[in-house]
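Asks: Here you go, this is coords_10.cif (mmCIF, C-alpha atoms).
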data_start
#
loop_
_atom_site.label_atom_id
_atom_site.label_comp_id
_atom_site.auth_asym_id
_atom_site.auth_seq_id
_atom_site.Cartn_x
_atom_site.Cartn_y
_atom_site.Cartn_z
CA MET H 29 23.96 2.40 -0.86
CA ASP H 30 25.05 -1.24 -1.20
CA SER H 31 22.63 -4.17 -1.13
CA GLN H 32 23.17 -5.03 2.51
CA GLY H 33 22.66 -1.41 3.45
CA VAL H 34 19.32 -1.34 1.66
CA LEU H 35 18.16 -4.55 3.34
CA PHE H 36 19.09 -3.15 6.74
CA ARG H 37 17.59 0.28 6.04
CA ASN H 38 14.19 -1.18 5.17
CA ASN H 39 14.29 -4.13 7.60
CA VAL H 40 13.80 -6.53 4.68
CA LYS H 41 12.80 -10.11 5.47
CA VAL H 42 12.56 -12.88 2.87
CA THR H 43 10.64 -16.11 3.47
CA GLY H 44 8.91 -18.76 1.40
CA PHE H 45 9.81 -20.79 -1.64
CA GLY H 46 9.37 -20.35 -5.36
CA PRO H 47 10.97 -18.65 -8.33
CA LYS H 48 8.68 -15.59 -8.31
CA ALA H 49 8.77 -12.90 -5.63
CA LEU H 50 5.70 -11.54 -3.88
CA ILE H 51 6.51 -8.13 -2.37
CA PHE H 52 4.20 -6.68 0.31
CA ALA H 53 4.13 -2.88 0.72
CA HIS H 54 2.33 -1.68 3.86
CA GLY H 55 0.21 1.42 4.27
CA PHE H 56 0.58 4.64 6.24
CA GLY H 57 1.28 4.25 9.94
CA CYS H 58 1.77 0.50 9.56
CA ASP H 59 4.64 -1.94 9.15
CA GLN H 60 5.29 -5.37 7.67
CA ASN H 61 3.68 -7.12 10.65
CA MET H 62 0.28 -6.06 9.30
CA TRP H 63 0.62 -8.76 6.61
CA ARG H 64 1.08 -11.62 9.07
CA LEU H 65 -2.41 -13.09 8.59
CA ILE H 66 -2.12 -13.56 4.83
CA VAL H 67 1.59 -14.17 4.20
CA PRO H 68 1.59 -17.87 5.27
CA ALA H 69 -0.90 -18.66 2.51
CA PHE H 70 1.65 -17.66 -0.14
CA GLU H 71 4.95 -18.88 1.28
CA GLY H 72 4.59 -22.33 -0.27
CA LYS H 73 4.64 -21.03 -3.86
CA TYR H 74 6.35 -17.65 -3.68
CA LYS H 75 9.43 -15.95 -2.35
CA VAL H 76 7.78 -13.52 0.08
CA VAL H 77 9.48 -10.15 0.58
CA LEU H 78 8.46 -8.05 3.58
CA PHE H 79 9.87 -4.65 4.47
CA ASP H 80 9.24 -1.41 6.34
CA PHE H 81 9.27 1.96 4.62
CA VAL H 82 11.93 4.25 6.08
CA GLY H 83 10.46 5.83 9.20
CA SER H 84 8.09 2.92 9.84
CA GLY H 85 8.36 -0.28 11.85
CA GLU H 86 11.93 -1.39 12.50
CA SER H 87 13.45 0.47 9.56
CA ASP H 88 16.61 2.49 10.11
CA ILE H 89 15.29 5.83 11.32
CA GLN H 90 18.75 7.33 10.76
CA ALA H 91 18.17 6.88 7.03
CA TYR H 92 15.13 9.16 7.08
CA ASP H 93 15.68 12.37 5.10
CA PRO H 94 12.79 14.87 5.04
CA CYS H 95 13.90 16.09 1.61
CA GLY H 96 14.16 12.61 0.14
CA TYR H 97 10.74 11.60 1.46
CA HIS H 98 8.86 14.85 0.92
CA ASP H 99 6.60 13.04 -1.56
CA LEU H 100 5.79 9.44 -2.40
CA ASN H 101 8.49 9.10 -5.04
CA GLY H 102 11.06 8.78 -2.25
CA TYR H 103 9.17 5.78 -0.90
CA ALA H 104 8.87 4.34 -4.41
CA GLN H 105 12.65 4.48 -4.58
CA ASP H 106 12.74 2.32 -1.43
CA VAL H 107 10.82 -0.36 -3.35
CA LEU H 108 13.11 -0.12 -6.38
CA ASP H 109 16.19 -0.27 -4.16
CA ILE H 110 14.88 -3.46 -2.54
CA CYS H 111 14.18 -5.03 -5.94
CA SER H 112 17.71 -4.18 -7.03
CA ALA H 113 19.30 -5.41 -3.81
CA LEU H 114 17.50 -8.76 -4.08
CA GLU H 115 17.98 -8.92 -7.87
CA LEU H 116 14.25 -9.25 -8.42
CA LYS H 117 12.60 -9.13 -11.82
CA ASN H 118 9.00 -9.86 -12.83
CA ALA H 119 7.84 -9.71 -9.21
CA ILE H 120 4.29 -9.29 -7.94
CA LEU H 121 3.75 -6.32 -5.65
CA VAL H 122 0.87 -6.28 -3.18
CA GLY H 123 0.35 -2.76 -1.87
CA HIS H 124 -2.10 -1.52 0.73
CA SER H 125 -3.50 2.02 0.70
CA VAL H 126 -0.63 4.46 0.13
CA GLY H 127 1.58 1.38 -0.36
CA ALA H 128 -0.52 0.72 -3.46
CA THR H 129 0.15 4.22 -4.79
CA ILE H 130 3.85 3.83 -4.02
CA GLY H 131 3.86 0.50 -5.86
CA MET H 132 2.24 2.12 -8.90
CA LEU H 133 4.88 4.86 -8.92
CA ALA H 134 7.66 2.28 -8.66
CA SER H 135 6.19 0.30 -11.56
CA ILE H 136 6.10 3.42 -13.75
CA GLN H 137 9.80 4.01 -13.19
CA ARG H 138 10.92 0.39 -13.64
CA PRO H 139 8.11 -1.72 -15.14
CA GLU H 140 10.51 -4.60 -15.82
CA TYR H 141 10.69 -5.26 -12.08
CA PHE H 142 6.99 -6.18 -11.91
CA ASP H 143 4.71 -8.72 -13.57
CA ARG H 144 1.57 -7.79 -11.66
CA LEU H 145 0.32 -5.31 -9.05
CA VAL H 146 -2.33 -6.07 -6.43
CA LEU H 147 -3.68 -2.79 -5.07
CA ILE H 148 -5.72 -2.94 -1.87
CA GLY H 149 -7.76 0.19 -1.17
CA PRO H 150 -5.85 2.43 -3.60
CA SER H 151 -6.51 6.14 -4.04
CA ALA H 152 -4.81 8.54 -6.42
CA ARG H 153 -6.12 11.55 -4.47
CA TYR H 154 -7.82 11.66 -1.08
CA LEU H 155 -9.19 15.18 -1.56
CA ASN H 156 -12.48 15.79 -3.33
CA ASP H 157 -12.25 17.69 -6.60
CA LEU H 158 -15.93 18.22 -7.27
CA PRO H 159 -17.88 17.73 -9.39
CA ASP H 160 -15.60 15.41 -11.35
CA TYR H 161 -13.75 13.53 -8.63
CA ILE H 162 -14.65 12.11 -5.21
CA GLY H 163 -11.66 11.30 -3.01
CA GLY H 164 -13.56 11.23 0.27
CA PHE H 165 -12.25 14.30 2.11
CA GLU H 166 -12.53 18.06 2.00
CA ARG H 167 -9.26 19.94 2.31
CA GLU H 168 -10.21 21.58 5.60
CA ASP H 169 -10.91 18.15 7.11
CA LEU H 170 -7.45 16.84 6.21
CA ILE H 171 -5.75 20.02 7.38
CA GLY H 172 -7.61 19.61 10.66
CA LEU H 173 -6.28 16.05 11.02
CA LEU H 174 -2.73 17.22 10.31
CA ASP H 175 -3.09 19.98 12.89
CA MET H 176 -4.31 17.41 15.40
CA MET H 177 -1.16 15.38 14.79
CA ASP H 178 0.91 18.43 15.74
CA GLN H 179 -1.11 19.30 18.83
CA ASN H 180 -2.09 15.90 20.24
CA PHE H 181 -0.50 12.95 18.49
CA GLN H 182 -2.00 10.38 20.86
CA GLY H 183 -5.43 11.91 20.45
CA TRP H 184 -5.03 11.88 16.66
CA ALA H 185 -4.08 8.18 16.71
CA SER H 186 -6.99 7.34 19.00
CA TYR H 187 -9.42 9.17 16.73
CA LEU H 188 -8.16 8.03 13.31
CA ALA H 189 -7.47 4.33 13.95
CA PRO H 190 -11.17 3.34 14.29
CA VAL H 191 -12.06 5.46 11.25
CA ILE H 192 -9.50 3.67 9.11
CA MET H 193 -10.14 0.19 10.45
CA GLY H 194 -13.93 0.23 10.55
CA ASN H 195 -15.45 -2.97 11.98
CA ALA H 196 -16.50 -1.26 15.20
CA ASP H 197 -17.66 -4.60 16.60
CA ARG H 198 -14.00 -5.71 16.71
CA PRO H 199 -12.23 -2.96 18.68
CA GLU H 200 -9.06 -5.03 18.98
CA LEU H 201 -8.35 -4.25 15.32
CA SER H 202 -8.39 -0.49 15.76
CA ASP H 203 -6.45 -0.87 19.02
CA GLU H 204 -3.66 -2.59 17.08
CA LEU H 205 -3.62 0.13 14.45
CA GLU H 206 -3.53 2.83 17.13
CA LEU H 207 -0.51 1.18 18.72
CA SER H 208 1.17 1.04 15.33
CA PHE H 209 0.55 4.75 14.80
CA CYS H 210 1.98 5.58 18.21
CA ALA H 211 5.11 3.52 17.56
CA THR H 212 6.06 5.92 14.75
CA ASP H 213 8.07 9.08 15.35
CA PRO H 214 5.42 11.87 15.38
CA LYS H 215 7.44 14.20 13.13
CA VAL H 216 8.07 11.46 10.58
CA ALA H 217 4.42 10.36 10.71
CA ARG H 218 3.30 13.97 10.19
CA ARG H 219 5.43 14.36 7.06
CA PHE H 220 4.35 10.96 5.70
CA ALA H 221 0.71 11.90 6.33
CA GLU H 222 1.08 15.13 4.38
CA ALA H 223 2.84 13.34 1.52
CA THR H 224 -0.01 10.80 1.51
CA PHE H 225 -3.23 12.67 2.09
CA LEU H 226 -2.47 15.92 0.25
CA SER H 227 -1.01 14.22 -2.82
CA ASP H 228 -2.53 13.99 -6.29
CA TYR H 229 -1.29 11.22 -8.56
CA ARG H 230 -4.28 11.03 -10.88
CA LYS H 231 -2.19 11.98 -13.92
CA GLU H 232 0.19 9.10 -13.21
CA LEU H 233 -2.43 6.36 -13.46
CA SER H 234 -2.42 6.21 -17.27
CA LYS H 235 1.36 5.62 -17.16
CA VAL H 236 1.00 2.29 -15.35
CA VAL H 237 1.56 -0.51 -17.86
CA VAL H 238 1.79 -3.41 -15.41
CA PRO H 239 -1.50 -5.41 -15.24
CA SER H 240 -3.19 -4.88 -11.91
CA LEU H 241 -5.90 -6.13 -9.57
CA ILE H 242 -7.78 -3.51 -7.56
CA LEU H 243 -9.42 -4.74 -4.36
CA GLN H 244 -12.01 -2.28 -3.10
CA CYS H 245 -13.51 -2.69 0.36
CA SER H 246 -17.15 -1.99 1.07
CA GLU H 247 -17.91 0.95 3.38
CA ASP H 248 -14.35 2.28 3.23
CA LEU H 249 -14.23 5.79 4.71
CA ILE H 250 -10.60 6.37 3.65
CA ALA H 251 -10.76 5.20 0.02
CA PRO H 252 -14.43 5.23 -1.02
CA LEU H 253 -15.84 3.26 -3.93
CA GLU H 254 -15.57 6.23 -6.26
CA ALA H 255 -11.81 6.53 -5.61
CA GLY H 256 -11.17 2.86 -6.34
CA ALA H 257 -13.37 2.93 -9.43
CA TYR H 258 -11.45 5.95 -10.71
CA VAL H 259 -8.14 4.12 -10.38
CA HIS H 260 -9.62 1.19 -12.31
CA GLU H 261 -11.02 3.42 -15.07
CA GLN H 262 -7.71 5.22 -15.58
CA MET H 263 -5.41 2.17 -15.45
CA LYS H 264 -5.41 0.05 -18.58
CA GLY H 265 -5.21 -3.67 -17.94
CA SER H 266 -6.65 -3.45 -14.44
CA GLU H 267 -9.29 -5.68 -12.91
CA PHE H 268 -11.67 -4.48 -10.19
CA ARG H 269 -13.16 -6.57 -7.39
CA LEU H 270 -15.55 -5.18 -4.79
CA MET H 271 -14.98 -7.06 -1.54
CA ASP H 272 -17.49 -8.10 1.08
CA ALA H 273 -14.91 -6.85 3.59
CA THR H 274 -15.63 -3.52 5.24
CA GLY H 275 -13.20 -0.89 6.46
CA HIS H 276 -9.83 -0.07 4.95
CA CYS H 277 -7.61 -2.97 6.10
CA PRO H 278 -9.06 -6.24 4.80
CA HIS H 279 -5.77 -8.11 5.26
CA LEU H 280 -6.36 -7.68 9.01
CA SER H 281 -10.14 -7.67 9.26
CA HIS H 282 -10.98 -10.20 6.51
CA PRO H 283 -7.80 -12.16 5.72
CA GLU H 284 -9.60 -15.17 4.24
CA GLU H 285 -11.36 -13.13 1.56
CA THR H 286 -8.17 -11.20 0.85
CA ILE H 287 -6.20 -14.41 0.40
CA ARG H 288 -8.89 -15.92 -1.83
CA LEU H 289 -9.11 -12.94 -4.19
CA ILE H 290 -5.36 -12.54 -4.52
CA SER H 291 -4.95 -16.29 -5.06
CA GLU H 292 -7.65 -16.35 -7.75
CA TYR H 293 -5.99 -13.47 -9.57
CA LEU H 294 -2.55 -15.04 -9.43
CA ALA H 295 -3.97 -18.39 -10.57
CA SER H 296 -5.60 -16.76 -13.60
CA PHE H 297 -2.32 -15.01 -14.35
CA ASN H 298 -0.47 -18.33 -14.21
CA LEU H 299 -2.99 -19.94 -16.57
CA ILE H 300 -2.46 -17.14 -19.08
CA GLN H 301 1.29 -17.63 -18.89
CA GLU H 302 0.96 -21.36 -19.43
CA SER H 303 -1.27 -20.80 -22.44
CA GLU H 304 1.21 -18.35 -23.94
CA LEU H 305 4.01 -20.88 -23.48
CA ARG H 306 2.00 -23.57 -25.28
CA THR H 307 1.37 -21.28 -28.24
#
Is it possible to give me this structure as structure tokens?
Replies:
Amino acid sequence: MDSQGVLFRNNVKVTGFGPKALIFAHGFGCDQNMWRLIVPAFEGKYKVVLFDFVGSGESDIQAYDPCGYHDLNGYAQDVLDICSALELKNAILVGHSVGATIGMLASIQRPEYFDRLVLIGPSARYLNDLPDYIGGFEREDLIGLLDMMDQNFQGWASYLAPVIMGNADRPELSDELELSFCATDPKVARRFAEATFLSDYRKELSKVVVPSLILQCSEDLIAPLEAGAYVHEQMKGSEFRLMDATGHCPHLSHPEETIRLISEYLASFNLIQESELRT
């Protein structure tokens, strides 16, 4: 597929100024609009790249292939295709939830495309594997959620959105997420959910060589503290920050803290680069 085809397929939008690209990869059931509260803070210094994974948002649904997207590597290829189409190198990828996992997979395949990863609420496996690993869910619970998607997609969206979002005192947040879920083709969402929640990428973590920041929300029912800590322990060169933000979507519920922590990390990265140049 040529460059213009890739940009159309993934509904790519580029804003901002600066020599370095900041790529935002959204999570399951979401789209690029979910970044709207934090993107303006970075457009003055960075070339901001927004996109929708195939099957999400305003991507080209005709490009969706169940075989190509049967696991997360197909979505990682989306990211690599975008980097190639825009001729990006040494970019910074900010990934939320499964978008973080997809970003990690992309960086393993083509590490030269990325200088840094910022992983918000990452999880290498959502299923518990006791006693050694806590992912947050038992298999029967996730199978039940997938069955609910098949039987009552609206009911599934209505149930899961508040669980993911948290912050019950702000129902408008979960209402927005529910609408985003319902805007997705149910069959595509079902396959993406299976590729996300039944996956196990724990063995891939040690292959990530790109330095990373892990942002872990407090009281996150989707990616609990143990899951984020595991990612940090297994990824060399990663930093871990426990946020005051609660829920699983801090870029929507707590944008100021999210902006501050990302900005601090990028500033420290820039200082290291400047020091290396001086020496």
Asks: Contacts of range 282-297 of chain H at 6 Å or less, counting only C-alpha atoms, minus same-chain residues fewer than 4 places along, as an mmCIF file with C-alpha atoms, in the frame of the given file?
Replies:
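In the end it all went to part.cif:
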data_model
loop_
_atom_site.group_PDB
_atom_site.id
_atom_site.type_symbol
_atom_site.label_atom_id
_atom_site.label_comp_id
_atom_site.auth_asym_id
_atom_site.auth_seq_id
_atom_site.Cartn_x
_atom_site.Cartn_y
_atom_site.Cartn_z
ATOM 1 C CA ILE H 66 -2.120 -13.560 4.830
ATOM 2 C CA ALA H 273 -14.910 -6.850 3.590
ATOM 3 C CA PRO H 278 -9.060 -6.240 4.800
#
Asks: Which residue gives the smallest distance to Ala221 in chain H among H:Leu147, H:Val40, H:Leu174, H:Val77, with all atoms listed in the file counted?
Replies: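 Closest to Ala221 in chain H of all the choices is H:Leu174.
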Asks: Mind dumping a table of every range 46-131 of chain H residue within 12 Å of range 192-211 of chain H, with the nearest atom pair and its distance in Å to one decimal, using only C-alpha atoms, sorted by chain and rising number, as a tab-separated table?
Replies:
residue	atom	partner	partner_atom	distance
H:His54	CA	H:Ser208	CA	11.8
H:Gly55	CA	H:Leu205	CA	11.0
H:Phe56	CA	H:Phe209	CA	8.6
H:Gly57	CA	H:Phe209	CA	4.9
H:Cys58	CA	H:Ser208	CA	5.8
H:Asp59	CA	H:Ser208	CA	7.7
H:Gln60	CA	H:Ser208	CA	10.8
H:Asn61	CA	H:Ser208	CA	9.7
H:Met62	CA	H:Leu205	CA	8.9
H:Gly83	CA	H:Ala211	CA	10.2
H:Ser84	CA	H:Ala211	CA	8.3
H:Gly85	CA	H:Ala211	CA	7.6
H:Glu86	CA	H:Ala211	CA	9.8
H:Ser87	CA	H:Ala211	CA	12.0
H:Ser125	CA	H:Ile192	CA	10.5
Asks: Residues of range 138-231 of chain H that approach range 248-259 of chain H to 10 Å or less, counting all atoms listed in the file: could you list each one with the shortest pair of atoms and its distance in Å to one decimal, rows by chain and increasing residue number, as CSV?
Replies:
residue,atom,partner,partner_atom,distance
H:Leu147,CA,H:Gly256,CA,9.5
H:Ile148,CA,H:Gly256,CA,9.1
H:Gly149,CA,H:Ala251,CA,6.0
H:Pro150,CA,H:Gly256,CA,6.0
H:Ser151,CA,H:Ala255,CA,5.5
H:Ala152,CA,H:Val259,CA,6.8
H:Arg153,CA,H:Ala255,CA,7.7
H:Tyr154,CA,H:Ala251,CA,7.2
H:Leu155,CA,H:Ala255,CA,9.9
H:Asn156,CA,H:Ala255,CA,9.6
H:Tyr161,CA,H:Ala255,CA,7.9
H:Ile162,CA,H:Glu254,CA,6.0
H:Gly163,CA,H:Ala255,CA,5.4
H:Gly164,CA,H:Pro252,CA,6.2
H:Phe165,CA,H:Ile250,CA,8.2
H:Val191,CA,H:Leu249,CA,6.9
H:Ile192,CA,H:Ile250,CA,6.2
H:Met193,CA,H:Asp248,CA,8.6
H:Gly194,CA,H:Asp248,CA,7.6
H:Phe225,CA,H:Ile250,CA,9.8
H:Arg230,CA,H:Val259,CA,7.9
Asks: Rounded to one decimal place, report the CA of Ser186 in chain H-CA of Asp213 in chain H distance in Å.
Replies: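 CA of Asp213 in chain H lies at a distance of 15.6 Å from CA of Ser186 in chain H.
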Asks: Check the smallest atom-to-atom distance from each of H:Val236, H:Pro68, H:Val146, H:Cys245 to Leu270 in chain H using all atoms listed in the file, then report the winner.
Replies: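 Going through H:Val236, H:Pro68, H:Val146, H:Cys245 one by one, the smallest distance to Leu270 in chain H is for H:Cys245.
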Asks: Using Å and a single decimal, report how far CA of Ala223 in chain H sits from CA of Ile136 in chain H.
Replies: 18.5 Å
Asks: Identify, on the basis of all atoms listed in the file, every residue whose closest approach to Asp99 in chain H does not exceed 12 Å; exclude the query and any residue fewer than 2 positions from it along the same chain; express the result as an NGL selection string.
Replies: :H and (93-97 or 101-105 or 126 or 129-130 or 133 or 219-229)
Asks: Select, from H:Phe45, H:Tyr141, H:Phe268, H:Phe36, the residue with the minimum atom-to-atom distance to Asp80 in chain H, counting all atoms listed in the file.
Replies: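 Checking each of H:Phe45, H:Tyr141, H:Phe268, H:Phe36 against Asp80 in chain H, counting all atoms listed in the file, the winner is H:Phe36.
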Asks: Name the closest residue to Arg144 in chain H among the candidates H:Ile242, H:Cys111, H:Ala217, H:Met271; distances are taken between atoms, counting only C-alpha atoms.
Replies: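 When distances to Arg144 in chain H are compared using only C-alpha atoms, the smallest one comes from H:Ile242.
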Asks: Quick one: residues within 7 Å of Val42 in chain H, only C-alpha atoms, excluding same-chain residues fewer than 3 positions away - as a ChimeraX atom specification?
Replies: /H:75-78
Asks: Taking into account only C-alpha atoms, which residue in the set H:Ala91, H:Phe181, H:Glu247, H:Arg269 is nearest to Lys215 in chain H?
Replies: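 When distances to Lys215 in chain H are compared using only C-alpha atoms, the smallest one comes from H:Phe181.
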Asks: Please list as a PyMOL selection string every residue within 9 Å of Met177 in chain H, counting only C-alpha atoms and excluding residues in the same chain fewer than 6 positions away.
Replies: chain H and resi 183-185+214-215+217-218
Asks: Interatomic distance between CA of Asp272 in chain H and CA of Ala53 in chain H?
Replies: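 That distance, rounded to one decimal, is 22.2 Å.
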